[in-house]
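K.L.:
This is work-v4.cif (mmCIF, C-alpha atoms).
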data_run
#
loop_
_atom_site.label_atom_id
_atom_site.label_comp_id
_atom_site.auth_asym_id
_atom_site.auth_seq_id
_atom_site.Cartn_x
_atom_site.Cartn_y
_atom_site.Cartn_z
CA MET A 1 -42.20 -43.40 57.28
CA HIS A 2 -41.50 -47.09 56.68
CA GLU A 3 -42.94 -47.85 60.11
CA LEU A 4 -46.26 -48.76 58.47
CA SER A 5 -44.50 -51.51 56.50
CA ILE A 6 -42.74 -52.60 59.69
CA ALA A 7 -46.05 -52.66 61.60
CA GLN A 8 -47.57 -54.82 58.84
CA SER A 9 -44.66 -57.29 59.08
CA ILE A 10 -45.19 -57.50 62.85
CA VAL A 11 -48.93 -58.12 62.43
CA ASP A 12 -48.33 -60.83 59.79
CA THR A 13 -45.80 -62.66 61.98
CA VAL A 14 -47.92 -62.46 65.15
CA LEU A 15 -51.12 -63.60 63.40
CA ALA A 16 -49.28 -66.61 61.97
CA VAL A 17 -48.15 -67.65 65.47
CA ALA A 18 -51.58 -66.95 67.03
CA ALA A 19 -53.27 -69.06 64.33
CA GLU A 20 -51.54 -72.11 65.78
CA ARG A 21 -53.38 -71.51 69.09
CA PRO A 22 -57.06 -71.27 68.15
CA GLY A 23 -59.25 -69.58 70.75
CA SER A 24 -56.45 -67.55 72.28
CA SER A 25 -56.00 -63.82 71.81
CA VAL A 26 -52.80 -61.76 71.68
CA ALA A 27 -52.61 -59.54 74.77
CA THR A 28 -49.13 -58.07 74.27
CA ILE A 29 -46.40 -58.01 71.64
CA HIS A 30 -42.95 -57.47 73.15
CA LEU A 31 -40.55 -55.75 70.73
CA LYS A 32 -36.82 -55.07 71.03
CA ILE A 33 -35.76 -52.07 68.98
CA GLY A 34 -32.15 -50.97 68.74
CA ALA A 35 -31.29 -47.30 69.22
CA LEU A 36 -29.67 -47.38 65.76
CA SER A 37 -32.50 -49.26 64.03
CA ASP A 38 -33.88 -46.13 62.32
CA ILE A 39 -37.34 -46.87 63.66
CA ALA A 40 -39.38 -44.02 65.13
CA ARG A 41 -41.25 -45.42 68.11
CA ASP A 42 -44.20 -43.00 67.81
CA ALA A 43 -44.63 -43.72 64.14
CA LEU A 44 -44.54 -47.48 64.75
CA GLU A 45 -47.16 -47.24 67.52
CA PHE A 46 -49.33 -45.03 65.33
CA GLY A 47 -48.96 -47.40 62.35
CA PHE A 48 -49.75 -50.46 64.46
CA GLU A 49 -52.87 -48.82 65.88
CA ALA A 50 -54.02 -47.77 62.43
CA ILE A 51 -53.71 -51.16 60.76
CA THR A 52 -55.13 -53.20 63.65
CA ARG A 53 -58.26 -51.08 64.19
CA GLY A 54 -61.34 -53.30 63.85
CA THR A 55 -59.23 -56.48 63.71
CA GLU A 56 -58.49 -59.20 66.27
CA LEU A 57 -55.33 -57.27 67.32
CA GLU A 58 -57.25 -54.08 68.11
CA GLU A 59 -56.81 -54.55 71.89
CA THR A 60 -53.24 -55.84 71.67
CA LEU A 61 -50.57 -53.81 73.46
CA LEU A 62 -47.20 -53.04 71.91
CA GLU A 63 -44.46 -53.15 74.52
CA ILE A 64 -41.27 -51.63 73.14
CA GLU A 65 -37.86 -52.04 74.73
CA ILE A 66 -35.21 -49.72 73.30
CA VAL A 67 -31.86 -51.51 73.17
CA PRO A 68 -28.85 -49.22 73.74
CA ILE A 69 -25.92 -49.29 71.32
CA ILE A 70 -22.97 -51.32 72.59
CA ALA A 71 -19.76 -51.60 70.59
CA CYS A 72 -16.53 -53.53 70.92
CA CYS A 73 -13.16 -52.07 69.98
CA GLU A 74 -11.48 -54.12 67.25
CA ARG A 75 -8.05 -53.07 68.53
CA CYS A 76 -8.16 -53.41 72.35
CA HIS A 77 -11.48 -55.31 72.69
CA THR A 78 -12.95 -52.90 75.23
CA GLU A 79 -16.74 -53.07 75.28
CA PHE A 80 -18.53 -49.76 75.73
CA GLU A 81 -21.89 -48.05 75.29
CA ILE A 82 -22.16 -45.55 72.45
CA HIS A 83 -23.35 -42.12 73.58
CA GLU A 84 -24.42 -39.43 71.12
CA TYR A 85 -23.39 -41.64 68.21
CA SER A 86 -19.67 -41.29 68.87
CA PHE A 87 -18.24 -44.57 67.61
CA GLN A 88 -14.83 -44.29 69.23
CA CYS A 89 -13.16 -46.50 71.83
CA PRO A 90 -13.00 -44.60 75.16
CA ASP A 91 -9.85 -46.53 76.13
CA CYS A 92 -7.51 -46.48 73.13
CA GLY A 93 -9.26 -43.92 70.91
CA SER A 94 -9.61 -46.28 67.93
CA ARG A 95 -12.55 -45.73 65.58
CA ASP A 96 -12.38 -49.28 64.31
CA VAL A 97 -15.25 -50.57 66.41
CA ALA A 98 -18.03 -53.10 65.82
CA MET A 99 -21.56 -52.90 67.19
CA THR A 100 -22.57 -55.83 69.37
CA GLN A 101 -26.11 -54.56 69.90
CA GLY A 102 -28.32 -51.60 69.03
CA ALA A 103 -29.52 -52.50 65.52
CA GLU A 104 -32.29 -54.87 66.67
CA LEU A 105 -35.75 -54.92 65.17
CA ASP A 106 -37.07 -58.06 66.80
CA ILE A 107 -40.31 -59.54 68.08
CA ASP A 108 -38.98 -60.88 71.35
CA SER A 109 -42.14 -62.63 72.52
CA ILE A 110 -45.91 -62.45 72.58
CA THR A 111 -48.30 -62.90 75.49
CA LEU A 112 -51.43 -64.89 74.70
CA THR A 113 -54.61 -64.90 76.75
CA ASP A 114 -56.34 -68.24 76.87
CA PRO A 115 -60.15 -68.24 77.44
CA GLY A 116 -59.70 -71.22 79.83
CA PRO A 117 -61.55 -74.53 80.34
CA THR A 118 -65.14 -73.20 80.16
CA PRO A 119 -65.97 -74.87 76.82
CA ILE A 120 -65.63 -78.33 78.44
CA CYS A 121 -68.23 -77.50 81.17
CA ASN A 122 -70.61 -76.24 78.48
CA ARG A 123 -70.24 -79.47 76.58
CA GLU A 124 -71.02 -81.56 79.70
CA SER A 125 -74.15 -79.61 80.49
CA THR A 126 -75.31 -80.05 76.89
CA HIS A 127 -74.90 -83.81 77.26
CA THR A 128 -77.22 -84.03 80.32
CA HIS A 129 -80.03 -82.45 78.35
CA ASP A 130 -79.76 -85.04 75.57
CA MET B 1 -54.79 -67.53 81.93
CA THR B 2 -51.88 -66.00 80.01
CA GLU B 3 -48.91 -67.59 78.31
CA GLN B 4 -45.77 -65.88 77.07
CA ILE B 5 -44.40 -67.37 73.87
CA PRO B 6 -40.76 -66.54 73.08
CA LEU B 7 -40.24 -65.76 69.39
CA GLN B 8 -36.89 -63.93 69.09
CA LYS B 9 -37.79 -63.31 65.48
CA LYS B 10 -36.50 -60.49 63.31
CA VAL B 11 -39.39 -58.35 62.08
CA LEU B 12 -37.74 -58.23 58.65
CA SER B 13 -36.82 -61.92 58.52
CA GLU B 14 -38.77 -62.41 55.29
CA ASN B 15 -36.90 -59.49 53.68
CA ASP B 16 -33.62 -60.93 54.96
CA ARG B 17 -34.47 -64.31 53.44
CA LEU B 18 -35.09 -62.75 50.03
CA ALA B 19 -31.94 -60.61 50.34
CA ALA B 20 -29.96 -63.77 51.03
CA GLU B 21 -31.42 -65.26 47.84
CA ILE B 22 -30.24 -62.21 45.86
CA ARG B 23 -26.82 -62.37 47.54
CA GLY B 24 -26.55 -66.05 46.65
CA ARG B 25 -27.19 -65.36 42.96
CA LEU B 26 -24.66 -62.52 42.91
CA ASP B 27 -22.02 -64.44 44.85
CA ALA B 28 -22.35 -67.45 42.54
CA HIS B 29 -21.01 -65.26 39.72
CA LYS B 30 -18.85 -62.99 41.94
CA VAL B 31 -20.79 -59.91 40.86
CA LEU B 32 -20.18 -56.83 43.02
CA ALA B 33 -23.44 -55.17 44.13
CA LEU B 34 -23.76 -51.63 45.44
CA ASN B 35 -26.79 -50.08 47.12
CA LEU B 36 -26.64 -46.37 46.33
CA VAL B 37 -28.42 -44.22 48.94
CA SER B 38 -28.81 -40.48 49.57
CA SER B 39 -31.29 -37.67 50.07
CA PRO B 40 -33.20 -36.63 46.94
CA GLY B 41 -31.02 -34.53 44.67
CA SER B 42 -27.53 -35.49 45.92
CA GLY B 43 -26.57 -36.91 42.53
CA LYS B 44 -27.12 -40.69 42.54
CA THR B 45 -28.37 -40.68 38.96
CA SER B 46 -25.64 -38.24 37.83
CA LEU B 47 -22.95 -40.46 39.35
CA LEU B 48 -24.43 -43.46 37.54
CA GLU B 49 -24.58 -41.58 34.23
CA ARG B 50 -20.92 -40.62 34.56
CA THR B 51 -19.87 -44.11 35.64
CA LEU B 52 -21.73 -45.79 32.78
CA ALA B 53 -20.33 -43.34 30.22
CA GLU B 54 -16.81 -44.12 31.46
CA LEU B 55 -17.00 -47.85 32.21
CA GLY B 56 -20.12 -48.98 30.33
CA SER B 57 -18.22 -49.86 27.15
CA LYS B 58 -15.67 -52.02 29.00
CA LEU B 59 -17.91 -53.63 31.61
CA ASN B 60 -21.38 -55.08 31.77
CA ILE B 61 -23.15 -53.04 34.40
CA ALA B 62 -26.71 -53.77 35.47
CA VAL B 63 -28.70 -51.05 37.20
CA VAL B 64 -31.87 -51.26 39.27
CA ALA B 65 -33.30 -47.77 39.47
CA GLY B 66 -35.87 -47.19 42.20
CA ASP B 67 -38.13 -44.18 42.23
CA VAL B 68 -41.32 -43.23 43.99
CA GLN B 69 -42.85 -42.19 40.67
CA THR B 70 -41.74 -42.01 36.99
CA GLU B 71 -39.04 -43.88 35.09
CA ASN B 72 -37.13 -40.64 34.47
CA ASP B 73 -33.99 -41.80 36.26
CA ALA B 74 -34.07 -45.19 34.56
CA ASN B 75 -34.40 -43.44 31.17
CA ARG B 76 -31.45 -41.15 31.94
CA ILE B 77 -29.33 -44.15 32.94
CA SER B 78 -30.35 -46.07 29.79
CA ARG B 79 -29.24 -43.17 27.59
CA ALA B 80 -25.86 -43.00 29.37
CA GLY B 81 -24.67 -46.43 28.32
CA GLY B 82 -25.65 -49.73 26.74
CA THR B 83 -26.59 -51.53 29.87
CA VAL B 84 -29.39 -53.45 31.55
CA VAL B 85 -31.62 -51.02 33.42
CA LYS B 86 -34.52 -52.25 35.52
CA PRO B 87 -36.84 -49.55 36.81
CA ILE B 88 -38.83 -49.99 40.01
CA ILE B 89 -41.65 -47.57 40.75
CA THR B 90 -42.53 -47.90 44.42
CA ASN B 91 -45.82 -45.97 44.14
CA GLY B 92 -45.24 -43.91 47.25
CA LYS B 93 -43.15 -46.34 49.28
CA CYS B 94 -40.11 -44.62 50.77
CA HIS B 95 -37.63 -47.47 50.25
CA LEU B 96 -36.81 -50.49 48.12
CA ASP B 97 -37.18 -53.91 49.70
CA ALA B 98 -35.64 -57.22 48.69
CA ARG B 99 -38.89 -58.49 47.13
CA MET B 100 -39.06 -55.54 44.71
CA VAL B 101 -35.42 -56.03 43.69
CA LEU B 102 -35.70 -59.80 43.34
CA ASP B 103 -38.75 -59.38 41.10
CA VAL B 104 -36.82 -57.33 38.53
CA LEU B 105 -33.56 -59.32 38.62
CA GLY B 106 -35.24 -62.28 36.92
CA ASP B 107 -33.74 -62.26 33.44
CA ILE B 108 -30.39 -60.56 34.17
CA ASP B 109 -27.54 -62.83 33.06
CA PHE B 110 -25.19 -62.52 36.03
CA ALA B 111 -22.62 -64.76 34.36
CA ALA B 112 -22.10 -61.88 31.90
CA THR B 113 -22.37 -59.06 34.46
CA ASN B 114 -19.50 -57.30 36.27
CA LEU B 115 -21.36 -54.91 38.51
CA LEU B 116 -24.90 -54.40 39.84
CA VAL B 117 -25.85 -50.98 41.12
CA ILE B 118 -29.15 -50.53 42.94
CA GLU B 119 -30.19 -46.88 43.02
CA ASN B 120 -32.42 -46.64 46.06
CA VAL B 121 -35.23 -44.15 46.65
CA GLY B 122 -33.91 -40.74 47.77
CA ASN B 123 -34.22 -41.08 51.56
CA LEU B 124 -31.61 -41.43 54.31
CA VAL B 125 -33.82 -43.15 56.89
CA CYS B 126 -36.10 -45.91 55.65
CA PRO B 127 -33.80 -47.69 53.14
CA SER B 128 -31.28 -48.39 55.92
CA SER B 129 -33.55 -51.09 57.43
CA TYR B 130 -33.81 -53.14 54.24
CA ASP B 131 -31.01 -55.46 53.15
CA LEU B 132 -31.16 -55.79 49.35
CA GLY B 133 -28.45 -58.43 49.05
CA GLU B 134 -25.77 -55.85 48.29
CA ASP B 135 -22.09 -56.10 49.20
CA MET B 136 -21.99 -52.51 50.35
CA LYS B 137 -24.01 -49.37 50.73
CA VAL B 138 -22.54 -46.23 49.20
CA VAL B 139 -24.03 -43.05 50.66
CA LEU B 140 -23.94 -39.80 48.71
CA ILE B 141 -24.04 -36.31 50.12
CA SER B 142 -23.63 -33.09 48.16
CA THR B 143 -22.15 -29.74 49.11
CA THR B 144 -25.55 -28.04 48.81
CA GLU B 145 -26.75 -30.01 51.85
CA GLY B 146 -25.87 -29.61 55.53
CA ASP B 147 -22.44 -30.96 56.51
CA ASP B 148 -24.02 -32.33 59.72
CA LYS B 149 -26.10 -34.90 57.80
CA PRO B 150 -23.99 -37.86 59.01
CA LEU B 151 -24.93 -36.89 62.59
CA LYS B 152 -28.60 -36.50 61.67
CA TYR B 153 -28.79 -39.88 59.92
CA PRO B 154 -26.33 -42.03 61.89
CA GLY B 155 -28.01 -45.32 60.98
CA MET B 156 -27.40 -44.91 57.28
CA PHE B 157 -23.86 -43.56 57.60
CA ARG B 158 -22.97 -46.33 60.05
CA ARG B 159 -24.17 -49.05 57.67
CA SER B 160 -22.41 -47.58 54.62
CA SER B 161 -18.98 -48.69 53.45
CA ALA B 162 -18.22 -45.58 51.41
CA MET B 163 -19.35 -41.96 51.27
CA VAL B 164 -19.31 -39.89 48.09
CA VAL B 165 -19.24 -36.11 48.57
CA ASN B 166 -20.64 -34.76 45.29
CA LYS B 167 -20.74 -31.22 43.83
CA ILE B 168 -17.32 -30.21 45.18
CA ASP B 169 -17.15 -27.67 42.31
CA LEU B 170 -19.68 -25.69 44.37
CA LEU B 171 -17.57 -25.60 47.54
CA GLY B 172 -17.34 -22.08 48.93
CA LEU B 173 -20.79 -21.10 47.66
CA SER B 174 -22.47 -22.41 50.80
CA ASP B 175 -21.56 -22.95 54.46
CA PHE B 176 -20.79 -26.60 53.74
CA GLU B 177 -17.27 -27.51 54.86
CA LEU B 178 -15.51 -30.56 53.50
CA ALA B 179 -13.38 -31.07 56.63
CA ARG B 180 -16.48 -30.91 58.84
CA VAL B 181 -18.55 -33.43 56.85
CA LYS B 182 -15.62 -35.84 56.87
CA GLU B 183 -15.12 -35.47 60.62
CA ASN B 184 -18.86 -35.94 61.25
CA ALA B 185 -18.98 -39.02 59.02
CA LEU B 186 -15.87 -40.57 60.62
CA GLN B 187 -17.33 -40.02 64.09
CA ILE B 188 -20.21 -42.30 63.07
CA ASN B 189 -18.13 -44.66 60.97
CA GLY B 190 -14.36 -44.58 61.39
CA THR B 191 -13.59 -46.99 58.55
CA LEU B 192 -15.68 -45.19 55.92
CA ILE B 193 -14.00 -44.77 52.48
CA ILE B 194 -14.51 -41.16 51.37
CA HIS B 195 -14.63 -39.89 47.78
CA GLU B 196 -14.78 -36.21 46.90
CA LEU B 197 -15.95 -35.50 43.38
CA SER B 198 -18.05 -33.45 41.01
CA CYS B 199 -20.27 -35.24 38.51
CA ARG B 200 -20.59 -31.90 36.68
CA THR B 201 -16.88 -31.14 36.14
CA GLY B 202 -15.53 -34.67 36.43
CA GLN B 203 -13.13 -33.74 39.23
CA GLY B 204 -12.34 -36.71 41.49
CA LEU B 205 -14.09 -39.25 39.26
CA ASP B 206 -10.86 -41.07 38.29
CA ARG B 207 -10.36 -42.07 41.90
CA TRP B 208 -13.98 -43.26 42.09
CA TYR B 209 -13.56 -45.43 38.97
CA ALA B 210 -10.29 -46.84 40.30
CA TRP B 211 -11.92 -47.68 43.63
CA LEU B 212 -14.86 -49.39 41.84
CA SER B 213 -12.39 -51.47 39.82
CA ASP B 214 -10.55 -52.44 43.01
CA MET B 215 -13.81 -53.50 44.66
CA MET B 216 -14.86 -55.55 41.61
CA ALA B 217 -11.45 -57.25 41.57
CA ALA B 218 -11.71 -57.96 45.31
CA LYS B 219 -15.12 -59.54 44.80
CA LYS B 220 -13.81 -61.68 41.94
CA SER B 221 -10.90 -62.97 44.02
CA GLY B 222 -13.06 -63.54 47.11
CA LYS B 223 -11.15 -60.92 49.09
CA LEU B 224 -13.86 -58.30 49.50
CA VAL B 225 -14.01 -57.16 53.12
CA GLN B 226 -17.53 -56.42 54.35
CA HIS B 227 -18.04 -53.40 56.54
CA VAL B 228 -18.45 -54.63 60.08
CA ASP B 229 -21.93 -53.13 60.67
CA SER B 230 -23.25 -53.10 57.11
CA ARG B 231 -26.41 -54.99 58.01
#
Could you quickly redo this structure as structure tokens?
P.N.:
Amino acid sequence: MHELSIAQSIVDTVLAVAAERPGSSVATIHLKIGALSDIARDALEFGFEAITRGTELEETLLEIEIVPIIACCERCHTEFEIHEYSFQCPDCGSRDVAMTQGAELDIDSITLTDPGPTPICNRESTHTHD
Amino acid sequence: MTEQIPLQKKVLSENDRLAAEIRGRLDAHKVLALNLVSSPGSGKTSLLERTLAELGSKLNIAVVAGDVQTENDANRISRAGGTVVKPIITNGKCHLDARMVLDVLGDIDFAATNLLVIENVGNLVCPSSYDLGEDMKVVLISTTEGDDKPLKYPGMFRRSSAMVVNKIDLLGLSDFELARVKENALQINGTLIIHELSCRTGQGLDRWYAWLSDMMAAKKSGKLVQHVDSR
């Protein structure tokens, strides 16, 4: 259950980026998680919800894309998707294969919501009263 | 108004940065580093005790011993040989991370060290996400466990460079089959080096020591080959 630690790392990274855009709020965090990343999606969602409750990320959505495992044969260079964790080249039968994707644990992007230009109008109306 | 900001940032980038710092220190002195992983009770500490008793007088071996609670393992390892042992108590955390390891490496003299072994917390899931700056992961499994464990924990077996099958003196007392565990492990990781041994009887340990010496020599001469998906 290291997903709580992972959720905390995600929150720390996202808050650091959001801090550079004062006034905006984080609507969605887009994650890419490899099928061989040893991350349990449910546990990550649960952990994220638990640590963001009552904070500025309480309403933030986690959007998780599971990245399938793709490997490349070191002998014949065939690229193929790994099914049921069988790391064997379907063409030449070699087991000397290298993963090209499927181990990701990345924050791909975040979507920020900007409150818009209303503060400027407020300022103008304040000026007329002065 | 919404705005999508691309980050393409690894969640564990801070851990990776610290692991790279550890790796840099080890590489500067060509010290081989192993990250020893397994379920609880497979025999990580027993293998270390045996290894230190055999090689501890000839080599300077530093050990980082991680445990959820107690320094029992660290104490056992200290008694086995005159070596540097750094305990880490994780206080409930299910894995070691690079920060914890870096914090205890401080005063180890790597110029006078041949081998660093990091004994991870007994767990085949969580430690696989955390690079500790090691050259290779060595995964242990014992004959009192299920021989389908490589299939149940593919992430860890895929990222490991070697697998040690411990307690082979107990073969035949359970349904565990050596041929089956090897086939399962090779399905996940076809280039895995496999050792079969018993820390209790000593069977198979000579080959383990010889392999360790080969790996240390390879590191010294800059010819150590990293497993393709080790990280």
K.L.:
Show which residues sit within 12 Å of Ala185 in chain B, as a VMD selection string. Count all atoms listed in the file, and ignore same-chain residues fewer than 2 positions away.
P.N.:
(chain A and resid 85 to 87 95) or (chain B and resid 139 to 141 147 to 165 178 to 183 187 to 194)
K.L.:
Leaving out Lys223 in chain B and any residue of its chain fewer than 3 positions from it, which residues lie within 12 Å of it when counting only C-alpha atoms, given as a PyMOL selection string?
P.N.:
chain B and resi 30+32+135+214-220+226
K.L.:
Can you write out the residues you just picked, keeping C-alpha atoms, as a CSV table (one decimal), keeping the file's coordinate frame?
P.N.:
chain,number,residue,atom,x,y,z
B,30,LYS,CA,-18.8,-63.0,41.9
B,32,LEU,CA,-20.2,-56.8,43.0
B,135,ASP,CA,-22.1,-56.1,49.2
B,214,ASP,CA,-10.6,-52.4,43.0
B,215,MET,CA,-13.8,-53.5,44.7
B,216,MET,CA,-14.9,-55.6,41.6
B,217,ALA,CA,-11.4,-57.2,41.6
B,218,ALA,CA,-11.7,-58.0,45.3
B,219,LYS,CA,-15.1,-59.5,44.8
B,220,LYS,CA,-13.8,-61.7,41.9
B,226,GLN,CA,-17.5,-56.4,54.4
K.L.:
Between B:Ile88, B:Ile118, B:Ala20, B:Ala98, which is the closest to Val63 in chain B once you count all atoms listed in the file?
P.N.:
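Looking only at the distances to Val63 in chain B, the closest residue turns out to be B:Ile118.
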K.L.:
Given a cut-off of 7 Å, which residues of chain A touch chain B, counting only C-alpha atoms, written out as a list in words?
P.N.:
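Residues of chain A within 7 Å of chain B, counting only C-alpha atoms: Met1, His2, Ser9, Ile10, Leu36, Ser37, Asp38, Tyr85, Ser86, Phe87, Arg95, Asp96, Ala98, Met99, Leu105, Asp106, Ile107, Asp108, Ser109, Ile110, Thr111, Leu112, Thr113, Asp114 and Gly116 of chain A.
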K.L.:
Enumerate, as a list in words, the residues matched when the PyMOL selection byres ((chain B and resi 143) around 6) is run on the file above.
P.N.:
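Evaluating the PyMOL selection byres ((chain B and resi 143) around 6) on these coordinates yields Ser142, Thr144, Glu145, Lys167 and Phe176 of chain B.
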K.L.:
What is the CA of Ala53 in chain B to CA of Asp107 in chain B distance in Å?
P.N.:
23.4 Å
K.L.:
Any chance you could model N, CA and C atoms for range 108-121 of chain B and send them as a PDB file, keeping the file's coordinate frame?
P.N.:
ATOM      1  N   ILE B 108     -31.757 -61.070  34.309  1.00  0.00           N
ATOM      2  CA  ILE B 108     -30.390 -60.560  34.170  1.00  0.00           C
ATOM      3  C   ILE B 108     -29.414 -61.737  34.159  1.00  0.00           C
ATOM      4  N   ASP B 109     -28.532 -61.756  33.161  1.00  0.00           N
ATOM      5  CA  ASP B 109     -27.540 -62.830  33.060  1.00  0.00           C
ATOM      6  C   ASP B 109     -26.322 -62.439  33.903  1.00  0.00           C
ATOM      7  N   PHE B 110     -26.276 -62.924  35.144  1.00  0.00           N
ATOM      8  CA  PHE B 110     -25.190 -62.520  36.030  1.00  0.00           C
ATOM      9  C   PHE B 110     -23.842 -63.115  35.628  1.00  0.00           C
ATOM     10  N   ALA B 111     -23.884 -64.193  34.841  1.00  0.00           N
ATOM     11  CA  ALA B 111     -22.620 -64.760  34.360  1.00  0.00           C
ATOM     12  C   ALA B 111     -21.914 -63.749  33.460  1.00  0.00           C
ATOM     13  N   ALA B 112     -22.681 -62.861  32.823  1.00  0.00           N
ATOM     14  CA  ALA B 112     -22.100 -61.880  31.900  1.00  0.00           C
ATOM     15  C   ALA B 112     -22.155 -60.465  32.485  1.00  0.00           C
ATOM     16  N   THR B 113     -22.259 -60.370  33.813  1.00  0.00           N
ATOM     17  CA  THR B 113     -22.370 -59.060  34.460  1.00  0.00           C
ATOM     18  C   THR B 113     -21.186 -58.834  35.397  1.00  0.00           C
ATOM     19  N   ASN B 114     -20.622 -57.613  35.386  1.00  0.00           N
ATOM     20  CA  ASN B 114     -19.500 -57.300  36.270  1.00  0.00           C
ATOM     21  C   ASN B 114     -19.934 -56.575  37.537  1.00  0.00           C
ATOM     22  N   LEU B 115     -20.987 -55.789  37.399  1.00  0.00           N
ATOM     23  CA  LEU B 115     -21.360 -54.910  38.510  1.00  0.00           C
ATOM     24  C   LEU B 115     -22.879 -54.688  38.498  1.00  0.00           C
ATOM     25  N   LEU B 116     -23.487 -54.759  39.685  1.00  0.00           N
ATOM     26  CA  LEU B 116     -24.900 -54.400  39.840  1.00  0.00           C
ATOM     27  C   LEU B 116     -24.979 -53.191  40.756  1.00  0.00           C
ATOM     28  N   VAL B 117     -25.635 -52.142  40.264  1.00  0.00           N
ATOM     29  CA  VAL B 117     -25.850 -50.980  41.120  1.00  0.00           C
ATOM     30  C   VAL B 117     -27.350 -50.817  41.338  1.00  0.00           C
ATOM     31  N   ILE B 118     -27.746 -50.762  42.597  1.00  0.00           N
ATOM     32  CA  ILE B 118     -29.150 -50.530  42.940  1.00  0.00           C
ATOM     33  C   ILE B 118     -29.276 -49.087  43.401  1.00  0.00           C
ATOM     34  N   GLU B 119     -29.971 -48.277  42.616  1.00  0.00           N
ATOM     35  CA  GLU B 119     -30.190 -46.880  43.020  1.00  0.00           C
ATOM     36  C   GLU B 119     -31.450 -46.843  43.862  1.00  0.00           C
ATOM     37  N   ASN B 120     -31.282 -46.606  45.152  1.00  0.00           N
ATOM     38  CA  ASN B 120     -32.420 -46.640  46.060  1.00  0.00           C
ATOM     39  C   ASN B 120     -33.258 -45.367  45.939  1.00  0.00           C
ATOM     40  N   VAL B 121     -34.389 -45.341  46.589  1.00  0.00           N
ATOM     41  CA  VAL B 121     -35.230 -44.150  46.650  1.00  0.00           C
ATOM     42  C   VAL B 121     -34.494 -43.080  47.474  1.00  0.00           C
TER      43      VAL B 121
END
